[in-house]
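Below is start39.cif, holding mmCIF, C-alpha atoms and all ligand atoms.
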```cif
data_final
loop_
_atom_site.label_atom_id
_atom_site.label_comp_id
_atom_site.auth_asym_id
_atom_site.auth_seq_id
_atom_site.Cartn_x
_atom_site.Cartn_y
_atom_site.Cartn_z
CA MET A 1 -15.86 77.40 240.27
CA ASN A 2 -17.36 77.06 243.70
CA ALA A 3 -16.17 80.46 244.93
CA ILE A 4 -17.70 82.22 241.95
CA ALA A 5 -21.03 80.44 242.36
CA ASN A 6 -21.09 81.39 246.06
CA CYS A 7 -20.12 84.95 245.21
CA GLN A 8 -22.97 85.25 242.73
CA ARG A 9 -25.44 83.78 245.21
CA TRP A 10 -24.25 85.93 248.06
CA ASP A 11 -25.80 89.15 246.89
CA VAL A 12 -24.97 91.44 249.85
CA SER A 13 -21.64 92.35 248.28
CA PHE A 14 -21.79 91.57 244.58
CA ASP A 15 -24.12 92.18 241.66
CA GLU A 16 -22.90 91.06 238.23
CA ALA A 17 -24.97 93.54 236.21
CA PHE A 18 -23.96 96.48 238.40
CA TYR A 19 -20.31 95.46 238.29
CA LEU A 20 -20.14 95.24 234.52
CA GLN A 21 -22.06 98.49 234.13
CA THR A 22 -19.76 100.43 236.45
CA ASN A 23 -16.51 98.79 235.25
CA PRO A 24 -16.43 99.14 231.43
CA ASP A 25 -12.91 97.72 231.25
CA VAL A 26 -14.12 94.50 232.88
CA ALA A 27 -17.23 94.41 230.67
CA ALA A 28 -15.00 94.73 227.59
CA ALA A 29 -12.73 91.93 228.82
CA VAL A 30 -15.73 89.67 229.46
CA ALA A 31 -17.20 90.50 226.04
CA ALA A 32 -13.85 89.66 224.41
CA GLY A 33 -13.79 86.27 226.18
CA MET A 34 -10.70 87.13 228.23
CA ILE A 35 -12.50 86.68 231.58
CA PRO A 36 -15.51 84.42 232.11
CA SER A 37 -17.51 86.91 234.23
CA GLY A 38 -17.43 90.01 236.34
CA ALA A 39 -17.57 87.78 239.42
CA VAL A 40 -14.33 86.05 238.44
CA HIS A 41 -12.70 89.44 238.02
CA PHE A 42 -14.06 90.73 241.31
CA VAL A 43 -12.92 87.74 243.38
CA ASN A 44 -9.46 87.58 241.83
CA PHE A 45 -8.65 91.23 241.22
CA GLY A 46 -11.41 93.79 241.69
CA VAL A 47 -11.94 93.39 245.41
CA LYS A 48 -8.22 93.95 246.01
CA GLU A 49 -8.27 97.00 243.75
CA GLY A 50 -11.01 98.53 245.88
CA ARG A 51 -13.66 98.19 243.18
CA ILE A 52 -17.26 98.15 244.34
CA GLY A 53 -19.26 94.98 243.69
CA LYS A 54 -22.63 96.42 244.56
CA PRO A 55 -24.22 99.63 245.88
CA GLY A 56 -24.12 99.45 249.65
CA GLN A 57 -21.40 96.78 249.53
CA LEU A 58 -20.82 95.39 252.98
CA TYR A 59 -17.60 93.52 252.42
CA ASP A 60 -14.31 95.28 253.01
CA GLU A 61 -11.10 93.46 252.07
CA ALA A 62 -8.88 95.44 254.47
CA THR A 63 -11.25 94.81 257.40
CA TYR A 64 -11.44 91.10 256.64
CA LEU A 65 -7.66 90.65 256.40
CA ALA A 66 -7.04 92.76 259.52
CA LYS A 67 -9.59 90.88 261.63
CA ASN A 68 -8.59 87.45 260.32
CA PRO A 69 -4.79 87.17 260.28
CA ASP A 70 -4.89 83.48 259.30
CA VAL A 71 -6.73 84.46 256.13
CA ALA A 72 -4.27 87.28 255.46
CA ASN A 73 -1.43 84.77 255.69
CA ALA A 74 -3.20 82.36 253.35
CA VAL A 75 -3.80 85.12 250.80
CA SER A 76 -0.13 86.17 251.03
CA ALA A 77 0.87 82.55 250.46
CA GLY A 78 -1.32 82.39 247.36
CA VAL A 79 -3.79 79.87 248.78
CA PHE A 80 -6.64 82.29 248.08
CA ALA A 81 -6.81 84.98 245.42
CA SER A 82 -8.37 87.40 247.90
CA GLY A 83 -9.87 87.53 251.36
CA PHE A 84 -13.25 87.71 249.67
CA GLU A 85 -12.69 84.31 248.05
CA HIS A 86 -12.03 82.84 251.49
CA LEU A 87 -15.15 84.52 252.85
CA VAL A 88 -17.51 83.11 250.25
CA LEU A 89 -15.97 79.64 250.50
CA PHE A 90 -15.57 79.37 254.29
CA GLY A 91 -15.58 82.57 256.30
CA ARG A 92 -19.23 83.37 256.20
CA ARG A 93 -20.30 80.04 257.64
CA GLU A 94 -17.63 80.52 260.30
CA GLY A 95 -19.22 83.81 261.41
CA ARG A 96 -16.05 85.81 260.75
CA ALA A 97 -15.97 89.60 260.86
CA PHE A 98 -15.86 91.01 257.35
CA SER A 99 -17.35 94.50 257.41
CA PRO A 100 -17.05 97.81 259.23
CA TYR A 101 -20.85 97.95 258.93
CA PHE A 102 -21.84 94.86 260.84
CA ASP A 103 -20.57 94.02 264.33
CA GLU A 104 -21.47 90.41 265.04
CA GLU A 105 -20.41 90.62 268.67
CA TRP A 106 -22.30 93.84 269.43
CA TYR A 107 -25.48 92.59 267.76
CA ARG A 108 -25.44 89.48 269.96
CA LYS A 109 -24.91 91.57 273.09
CA ARG A 110 -27.72 93.94 272.16
CA TYR A 111 -30.25 91.27 271.15
CA PRO A 112 -30.22 88.26 273.49
CA ASP A 113 -33.17 86.78 271.57
CA VAL A 114 -30.84 86.36 268.59
CA VAL A 115 -28.31 84.48 270.73
CA GLY A 116 -31.13 82.15 271.76
CA ALA A 117 -32.14 81.64 268.14
CA ILE A 118 -28.53 80.86 267.13
CA GLN A 119 -28.20 78.36 270.00
CA ALA A 120 -31.44 76.75 268.86
CA GLY A 121 -29.98 76.39 265.37
CA ALA A 122 -32.36 78.84 263.69
CA PHE A 123 -29.51 81.04 262.40
CA ALA A 124 -25.83 80.39 261.69
CA SER A 125 -24.88 83.89 262.82
CA ALA A 126 -26.26 87.19 264.02
CA PHE A 127 -25.60 88.51 260.53
CA ASP A 128 -27.97 85.92 259.08
CA HIS A 129 -30.63 87.06 261.55
CA TYR A 130 -30.07 90.67 260.55
CA LEU A 131 -30.45 89.85 256.86
CA ALA A 132 -33.64 87.88 257.46
CA PHE A 133 -35.38 90.15 259.97
CA GLY A 134 -33.26 92.93 261.43
CA ARG A 135 -33.38 95.23 258.38
CA ASP A 136 -37.16 95.07 258.15
CA PRO A 137 -38.78 98.52 258.57
CA SER A 138 -40.84 97.13 261.45
CA GLU A 139 -37.65 96.22 263.34
CA ARG A 140 -34.75 98.37 262.12
CA ARG A 141 -32.39 96.68 264.55
CA SER A 142 -29.12 98.41 265.29
CA THR A 143 -25.81 96.96 264.13
CA SER A 144 -23.77 99.27 266.38
CA PRO A 145 -24.48 101.87 269.09
CA LEU A 146 -25.87 104.12 266.36
CA ASN A 147 -29.61 103.64 266.85
CA GLU A 148 -30.83 102.52 263.45
CA PHE A 149 -34.55 102.97 264.14
CA ILE A 150 -34.21 106.54 265.34
CA TYR A 151 -31.70 107.53 262.63
CA LEU A 152 -33.96 106.30 259.85
CA ARG A 153 -37.04 107.85 261.42
CA ARG A 154 -35.31 111.24 261.76
CA ASN A 155 -33.89 111.04 258.24
CA PRO A 156 -36.57 109.84 255.80
CA ASP A 157 -34.19 110.38 252.86
CA VAL A 158 -31.78 107.87 254.40
CA ALA A 159 -34.61 105.43 255.16
CA ASN A 160 -35.59 105.60 251.50
CA ALA A 161 -31.99 105.01 250.41
CA VAL A 162 -31.76 101.96 252.71
CA ASP A 163 -35.11 100.58 251.56
CA THR A 164 -33.98 100.85 247.92
CA ASN A 165 -30.62 99.19 248.80
CA LEU A 166 -28.44 102.17 247.95
CA PHE A 167 -27.10 101.72 251.47
CA PHE A 168 -27.09 98.54 253.48
CA SER A 169 -28.02 100.33 256.69
CA GLY A 170 -28.36 103.72 258.31
CA GLN A 171 -25.07 103.06 260.05
CA GLN A 172 -23.32 102.60 256.71
CA HIS A 173 -24.89 105.84 255.45
CA TYR A 174 -23.73 107.70 258.54
CA GLU A 175 -20.14 106.44 258.29
CA GLN A 176 -19.91 107.17 254.55
CA ASN A 177 -21.96 110.40 254.33
CA GLY A 178 -24.04 111.39 257.34
CA ARG A 179 -21.21 112.27 259.71
CA ALA A 180 -19.58 114.62 257.19
CA GLU A 181 -23.01 116.11 256.45
CA GLY A 182 -23.23 117.08 260.13
CA ARG A 183 -26.15 114.79 260.95
CA SER A 184 -26.49 114.03 264.64
CA VAL A 185 -27.35 110.56 265.87
CA ASN A 186 -28.85 108.79 268.83
CA ILE A 187 -26.21 106.55 270.37
CA THR A 188 -27.80 103.86 272.50
CA GLY A 189 -26.52 100.96 274.53
CA THR A 190 -27.30 97.42 275.53
CA GLN A 191 -28.62 95.80 278.69
CA GLY A 192 -24.96 95.28 279.64
CA ASN A 193 -22.22 97.76 280.42
CA ASP A 194 -21.50 100.09 277.52
CA ASN A 195 -18.86 102.59 276.50
CA LEU A 196 -20.54 105.11 274.19
CA VAL A 197 -18.80 108.04 272.54
CA ALA A 198 -20.39 111.03 270.79
CA SER A 199 -19.26 112.41 267.45
CA GLU A 200 -18.53 116.10 266.81
CA ASN A 201 -22.05 116.77 265.57
CA GLY A 202 -23.93 116.95 268.87
CA ASP A 203 -25.53 113.61 269.66
CA VAL A 204 -28.01 112.01 272.05
CA LEU A 205 -26.44 109.39 274.31
CA THR A 206 -28.51 106.79 276.15
CA GLY A 207 -26.73 103.96 277.95
CA VAL A 208 -29.72 101.66 278.24
CA ALA A 209 -31.12 99.56 275.38
CA VAL A 210 -33.56 101.59 273.30
CA GLY A 211 -35.78 99.43 271.15
CA VAL A 212 -38.86 99.59 269.01
CA ARG A 213 -42.44 98.73 269.82
CA GLN A 214 -45.40 98.51 267.52
CA GLY A 215 -47.98 101.07 268.57
CA ARG A 216 -51.75 101.12 268.42
CA ASN A 217 -51.96 104.35 266.45
CA PRO A 218 -53.76 103.73 263.13
CA GLU A 219 -51.54 106.27 261.34
CA PRO A 220 -48.91 104.19 259.49
CA GLN A 221 -46.06 106.58 260.26
CA ALA A 222 -46.87 106.44 263.98
CA GLN A 223 -47.35 102.72 264.31
CA SER A 224 -44.01 102.15 265.92
CA PHE A 225 -42.14 104.15 268.52
CA SER A 226 -38.97 103.81 270.51
CA THR A 227 -39.08 102.35 273.98
CA TYR A 228 -36.68 100.64 276.35
CA ASP A 229 -35.42 97.07 276.35
CA SER A 230 -33.52 97.79 279.57
CA VAL A 231 -33.74 100.52 282.22
CA GLY A 232 -30.26 100.47 283.68
CA ASN A 233 -30.73 98.01 286.52
CA GLY A 234 -27.25 96.58 287.14
CA GLU A 235 -25.74 98.60 284.26
CA LEU A 236 -22.64 100.77 284.52
CA ASP A 237 -22.38 102.76 281.32
CA THR A 238 -19.78 105.31 280.29
CA LEU A 239 -21.08 108.16 278.11
CA THR A 240 -18.43 110.43 276.59
CA GLY A 241 -19.38 113.72 274.99
CA GLY A 242 -17.94 115.12 271.77
CA ALA A 243 -17.27 118.60 270.43
CA GLY A 244 -20.93 119.38 269.66
CA PRO A 245 -23.85 120.04 272.03
CA ASP A 246 -24.65 116.59 273.43
CA PHE A 247 -27.68 115.35 275.29
CA PHE A 248 -27.22 112.68 277.96
CA ILE A 249 -30.39 110.75 278.80
CA LEU A 250 -30.76 109.51 282.39
CA ALA A 251 -34.56 109.20 282.45
CA GLY A 252 -37.37 108.27 280.11
CA LEU A 253 -41.09 108.28 279.63
CA PHE A 254 -42.81 104.94 279.90
CA PRO A 255 -46.34 103.85 279.14
CA SER A 256 -48.21 103.38 282.38
CA GLY A 257 -51.32 101.37 283.08
CA GLY A 258 -54.80 102.80 282.91
CA VAL A 259 -56.80 104.61 280.31
CA GLY A 260 -55.24 105.70 277.03
CA ASN A 261 -51.54 106.23 276.46
CA LEU A 262 -50.59 107.68 279.84
CA ILE A 263 -46.89 108.01 280.36
CA ALA A 264 -44.87 108.25 283.55
CA PRO A 265 -41.29 109.46 284.08
CA TRP A 266 -38.80 106.89 285.27
CA SER A 267 -35.16 107.37 286.12
CA PHE A 268 -32.74 104.89 284.61
CA TYR A 269 -30.15 103.12 286.79
CA ILE A 270 -32.50 102.46 289.70
CA ALA A 271 -31.31 99.16 291.18
CA ASN A 272 -33.79 96.40 291.80
CA ASP A 273 -31.93 95.77 295.05
CA LEU A 274 -31.55 98.85 297.28
CA ALA A 275 -28.19 97.53 298.52
CA LEU A 276 -26.85 97.85 294.96
CA ALA A 277 -28.21 101.38 294.36
CA ASP A 278 -24.70 102.86 294.01
CA GLN A 279 -23.49 100.12 291.65
CA ASP A 280 -25.53 101.07 288.59
CA TYR A 281 -25.25 104.52 287.02
CA ALA A 282 -24.04 106.39 283.96
CA GLU A 283 -20.58 107.90 284.14
CA ILE A 284 -20.60 111.06 282.03
CA ARG A 285 -17.24 112.19 280.65
CA ASN A 286 -16.07 115.18 278.64
CA PHE A 287 -19.14 117.15 279.74
CA ASP A 288 -19.25 120.78 278.60
CA PRO A 289 -21.62 122.70 280.93
CA THR A 290 -21.89 125.57 278.44
CA GLN A 291 -23.63 123.48 275.80
CA ASP A 292 -24.24 119.88 276.87
CA ARG A 293 -27.42 118.87 278.68
CA ILE A 294 -28.61 116.00 280.87
CA MET A 295 -32.16 114.71 280.94
CA VAL A 296 -33.16 113.72 284.45
CA SER A 297 -36.19 113.12 286.59
CA GLY A 298 -36.08 114.86 289.94
CA ALA A 299 -32.29 114.99 290.20
CA ILE A 300 -30.49 115.57 293.49
CA THR A 301 -26.84 116.56 293.06
CA VAL A 302 -23.94 116.11 295.47
CA ASP A 303 -20.32 117.17 295.01
CA ILE A 304 -17.93 114.24 295.36
CA GLY A 305 -14.36 115.43 294.95
CA ASN A 306 -14.13 117.07 291.52
CA ASP A 307 -17.18 115.18 290.28
CA THR A 308 -20.92 115.50 290.71
CA ALA A 309 -23.05 112.56 291.79
CA ILE A 310 -26.65 112.59 290.56
CA PHE A 311 -29.25 110.82 292.65
CA SER A 312 -32.89 110.13 292.03
CA ARG A 313 -35.49 109.23 294.62
CA ARG A 314 -36.52 105.61 294.67
CA GLY A 315 -39.10 105.79 297.41
CA PRO A 316 -41.14 108.20 299.49
CA SER A 317 -38.73 108.60 302.42
CA PRO A 318 -36.16 111.43 302.06
CA GLY A 319 -33.09 109.20 302.41
CA ASP A 320 -34.31 106.63 299.93
CA VAL A 321 -32.18 107.75 296.97
CA ASP A 322 -30.36 105.90 294.20
CA LEU A 323 -27.21 106.92 292.33
CA VAL A 324 -28.09 107.34 288.63
CA GLY A 325 -25.22 109.40 287.26
CA ARG A 326 -21.77 110.74 287.87
CA VAL A 327 -20.37 113.69 285.92
CA ILE A 328 -16.58 113.53 285.87
CA GLY A 329 -14.62 116.71 286.47
CA VAL A 330 -17.63 119.00 286.79
CA GLY A 331 -18.90 120.43 290.09
CA ALA A 332 -22.56 120.61 291.05
CA ASP A 333 -22.55 124.41 290.88
CA GLN A 334 -21.44 124.22 287.23
CA LEU A 335 -24.32 121.91 286.44
CA GLN A 336 -27.00 124.43 287.34
CA GLY A 337 -28.86 125.01 284.10
CA ALA A 338 -27.50 121.85 282.50
CA PHE A 339 -30.42 119.70 283.57
CA ILE A 340 -33.52 119.21 281.46
CA ASP A 341 -36.36 117.83 283.54
CA PRO A 342 -39.47 117.64 281.36
CA PHE A 343 -41.13 115.77 284.17
CA GLY A 344 -41.58 118.86 286.28
CA GLY A 345 -39.26 117.81 289.06
CA SER A 346 -41.30 114.73 289.82
CA SER A 347 -39.82 112.25 292.24
CA GLY A 348 -38.64 109.79 289.63
CA ILE A 349 -39.96 106.88 291.63
CA LEU A 350 -39.48 103.74 289.62
CA ARG A 351 -40.33 101.13 292.19
CA GLY A 352 -41.53 101.10 295.75
CA CA B 401 -26.09 99.69 279.18
CA CA B 402 -20.28 118.19 273.84
CA CA B 403 -28.26 103.23 290.71
#
```
Let me see the structure of the file written as structure tokens.
Ligand SMILES: [Ca+2]
Ligand SMILES: [Ca+2]
Ligand SMILES: [Ca+2]
Amino acid sequence: MNAIANCQRWDVSFDEAFYLQTNPDVAAAVAAGMIPSGAVHFVNFGVKEGRIGKPGQLYDEATYLAKNPDVANAVSAGVFASGFEHLVLFGRREGRAFSPYFDEEWYRKRYPDVVGAIQAGAFASAFDHYLAFGRDPSERRSTSPLNEFIYLRRNPDVANAVDTNLFFSGQQHYEQNGRAEGRSVNITGTQGNDNLVASENGDVLTGVAVGVRQGRNPEPQAQSFSTYDSVGNGELDTLTGGAGPDFFILAGLFPSGGVGNLIAPWSFYIANDLALADQDYAEIRNFDPTQDRIMVSGAITVDIGNDTAIFSRRGPSPGDVDLVGRVIGVGADQLQGAFIDPFGGSSGILRG
């Protein structure tokens, strides 16, 4: 059977030995010759019964049927035994959504190089790129706004679980365990407009694209570090806080030229074109001045109605300022003490 052969080859959701070991009733039925294999059981029955085909299983029957109504109809009509059968026969090559733990659309938005590679025919889908390269410890690409690289670096136990395939990704670990365990995460955006929302655990929200670079440090654990694939030029991001103490990042440290690893503070959301300075910024919502904080570089605040506009200098003349943030429903006087400026109140000049 073609579907079974595909299922057995496609090892991100099914492992015959694991399935028989964890489902003794199926193992007994296979041993008695009533079913040819665990895979046949999984495709026809097990996946619909919510049985797990493999540790870190990516596939989710309910997600697949909900996101692909034509498949749901075909399964109801008896054309396919399960959504999973359709996926292994057709859906995967069609790039269909099949998992809460991989967002094809988001991955393409975050990594334009992958879109280029797909257009050039190197990969059938973003998921195929992720399997081939994105999970590698040197890349740790994100499959959602949860920053995979930072999550795995902050949680070595999770990194170990991912590297030994107990979880497919840090994001899967967070959704299944980490959130309930109270782990906080870094939620990071793309080079486009983003809508990022914190959990209840107290998170770090950064609207720009935070990536990974290989460093020059000879220590293996320090060979890579996070950096920025975009700096907010032309971006309008919405960052919404949660119940915990959140940290909103409107500035970063960047390597600068010269000797050694000098770093310089740069504000995000500084427009390349001065005429567009008010068009790019982070809109901060649900901000709690008693516990949430905003990282800035040389912020200048102005009350605008019930909100506070945050400007950063973009050049040496006093009026040469650029809108970088807007805190909704919070006045400038309430924000005193909410700013973290590790850059010592420096001007935040990015260009010019
Ligand atoms: Ca963005
Ligand atoms: Ca909060
Ligand atoms: Ca701006």
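Candidate residues A:Asp288, A:Asp303, A:Asp229, A:Glu283 were compared for distance to ligand CA 403 (chain B), and the nearest is A:Glu283, using only C-alpha atoms and all ligand atoms.
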Margin query: Rounded to one decimal, what separation in Å do you get between atom CA of A:Asp70 and atom CA of A:His86?
Written below: 10.6 Å
Produce a table with one row for each residue of chain A that has an atom at most 9 Å from any atom of ligand CA 401 (chain B), each row naming the nearest atom pair and its distance in Å at one decimal; use all atoms listed in the file; arrange rows by chain and rising residue number; format as a Markdown table.
```
| residue | atom | partner | partner_atom | distance |
| --- | --- | --- | --- | --- |
| A:Thr188 | CA | B:CA401 | CA | 8.1 |
| A:Gly189 | CA | B:CA401 | CA | 4.8 |
| A:Thr190 | CA | B:CA401 | CA | 4.5 |
| A:Gln191 | CA | B:CA401 | CA | 4.7 |
| A:Gly192 | CA | B:CA401 | CA | 4.6 |
| A:Asn193 | CA | B:CA401 | CA | 4.5 |
| A:Asp194 | CA | B:CA401 | CA | 4.9 |
| A:Asn195 | CA | B:CA401 | CA | 8.2 |
| A:Thr206 | CA | B:CA401 | CA | 8.1 |
| A:Gly207 | CA | B:CA401 | CA | 4.5 |
| A:Val208 | CA | B:CA401 | CA | 4.2 |
| A:Ala209 | CA | B:CA401 | CA | 6.3 |
| A:Ser230 | CA | B:CA401 | CA | 7.7 |
| A:Val231 | CA | B:CA401 | CA | 8.3 |
| A:Gly232 | CA | B:CA401 | CA | 6.2 |
| A:Asn233 | CA | B:CA401 | CA | 8.8 |
| A:Gly234 | CA | B:CA401 | CA | 8.6 |
| A:Glu235 | CA | B:CA401 | CA | 5.2 |
| A:Leu236 | CA | B:CA401 | CA | 6.4 |
| A:Asp237 | CA | B:CA401 | CA | 5.3 |
| A:Thr238 | CA | B:CA401 | CA | 8.5 |
| A:Ala282 | CA | B:CA401 | CA | 8.5 |
```
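The nearest approach to A:Ala17 among the residues A:Val324, A:Val302, A:Ile150, A:Ala39, with all atoms listed in the file taken into account, belongs to A:Ala39.
Between atom CA of A:Ala72 and atom CA of A:Ala5 the separation is 22.3 Å.
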Note to self: Set the distance at 9 Å and use all atoms listed in the file: which residues neighbour stretch 124-138 of chain A once local chain neighbours fewer than 3 positions away are removed? I'd like the list as a PyMOL selection string.
What the structure shows: chain A and resi 92-95+102-105+107-108+114-115+117-119+121+141-143+149+159+162-163+168-169+212-214+224
Sorted by chain and rising residue number, which residues of chain A lie within 12 Å of ligand CA 402 (chain B), and what are their closest atom pairs and distances in Å to one decimal, counting all atoms listed in the file, as CSV?
```
residue,atom,partner,partner_atom,distance
A:Ser184,CA,B:CA402,CA,11.9
A:Val197,CA,B:CA402,CA,10.3
A:Ala198,CA,B:CA402,CA,7.8
A:Ser199,CA,B:CA402,CA,8.7
A:Glu200,CA,B:CA402,CA,7.5
A:Asn201,CA,B:CA402,CA,8.6
A:Gly202,CA,B:CA402,CA,6.3
A:Asp203,CA,B:CA402,CA,8.1
A:Val204,CA,B:CA402,CA,10.1
A:Leu205,CA,B:CA402,CA,10.8
A:Leu239,CA,B:CA402,CA,10.9
A:Thr240,CA,B:CA402,CA,8.4
A:Gly241,CA,B:CA402,CA,4.7
A:Gly242,CA,B:CA402,CA,4.4
A:Ala243,CA,B:CA402,CA,4.6
A:Gly244,CA,B:CA402,CA,4.4
A:Pro245,CA,B:CA402,CA,4.4
A:Asp246,CA,B:CA402,CA,4.7
A:Phe247,CA,B:CA402,CA,8.1
A:Phe248,CA,B:CA402,CA,9.8
A:Ile284,CA,B:CA402,CA,10.9
A:Arg285,CA,B:CA402,CA,9.6
A:Asn286,CA,B:CA402,CA,7.1
A:Phe287,CA,B:CA402,CA,6.1
A:Asp288,CA,B:CA402,CA,5.5
A:Pro289,CA,B:CA402,CA,8.5
A:Thr290,CA,B:CA402,CA,8.8
A:Gln291,CA,B:CA402,CA,6.6
A:Asp292,CA,B:CA402,CA,5.3
A:Arg293,CA,B:CA402,CA,8.7
A:Ile294,CA,B:CA402,CA,11.1
A:Ala338,CA,B:CA402,CA,11.9
```
Margin query: Could you list the protein, DNA and RNA residues that have any atom within 6 Å of ligand CA 403 (chain B), counting only C-alpha atoms and all ligand atoms, and write them as a list in words?
Written below: Tyr269, Ile270, Ala271, Ala277, Asp278, Gln279, Asp280, Tyr281, Asp322, Leu323 and Val324 of chain A
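Straight-line separation from atom CA of A:Leu274 to atom CA of A:Ala299: 17.6 Å.
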Check: Near A:Pro69, counting all atoms listed in the file, which residues have an atom at most 12 Å away, once you skip same-chain residues fewer than 6 positions from it, shown as a PyMOL selection string?
Finding: chain A and resi 62-63+75-76+83+96-97
Item checked: Test item: residues at most 12 Å from A:Asn23, only C-alpha atoms, excluding those fewer than 6 positions along its chain, as a PyMOL selection string -> chain A and resi 15-17+29-30+37-39+41-42+46+49-54
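Among the candidate residues A:Asn165, A:Gln21, A:Ser297, A:Asn44, the one lying nearest to A:Ile4 is A:Asn44, with distances computed using all atoms listed in the file.
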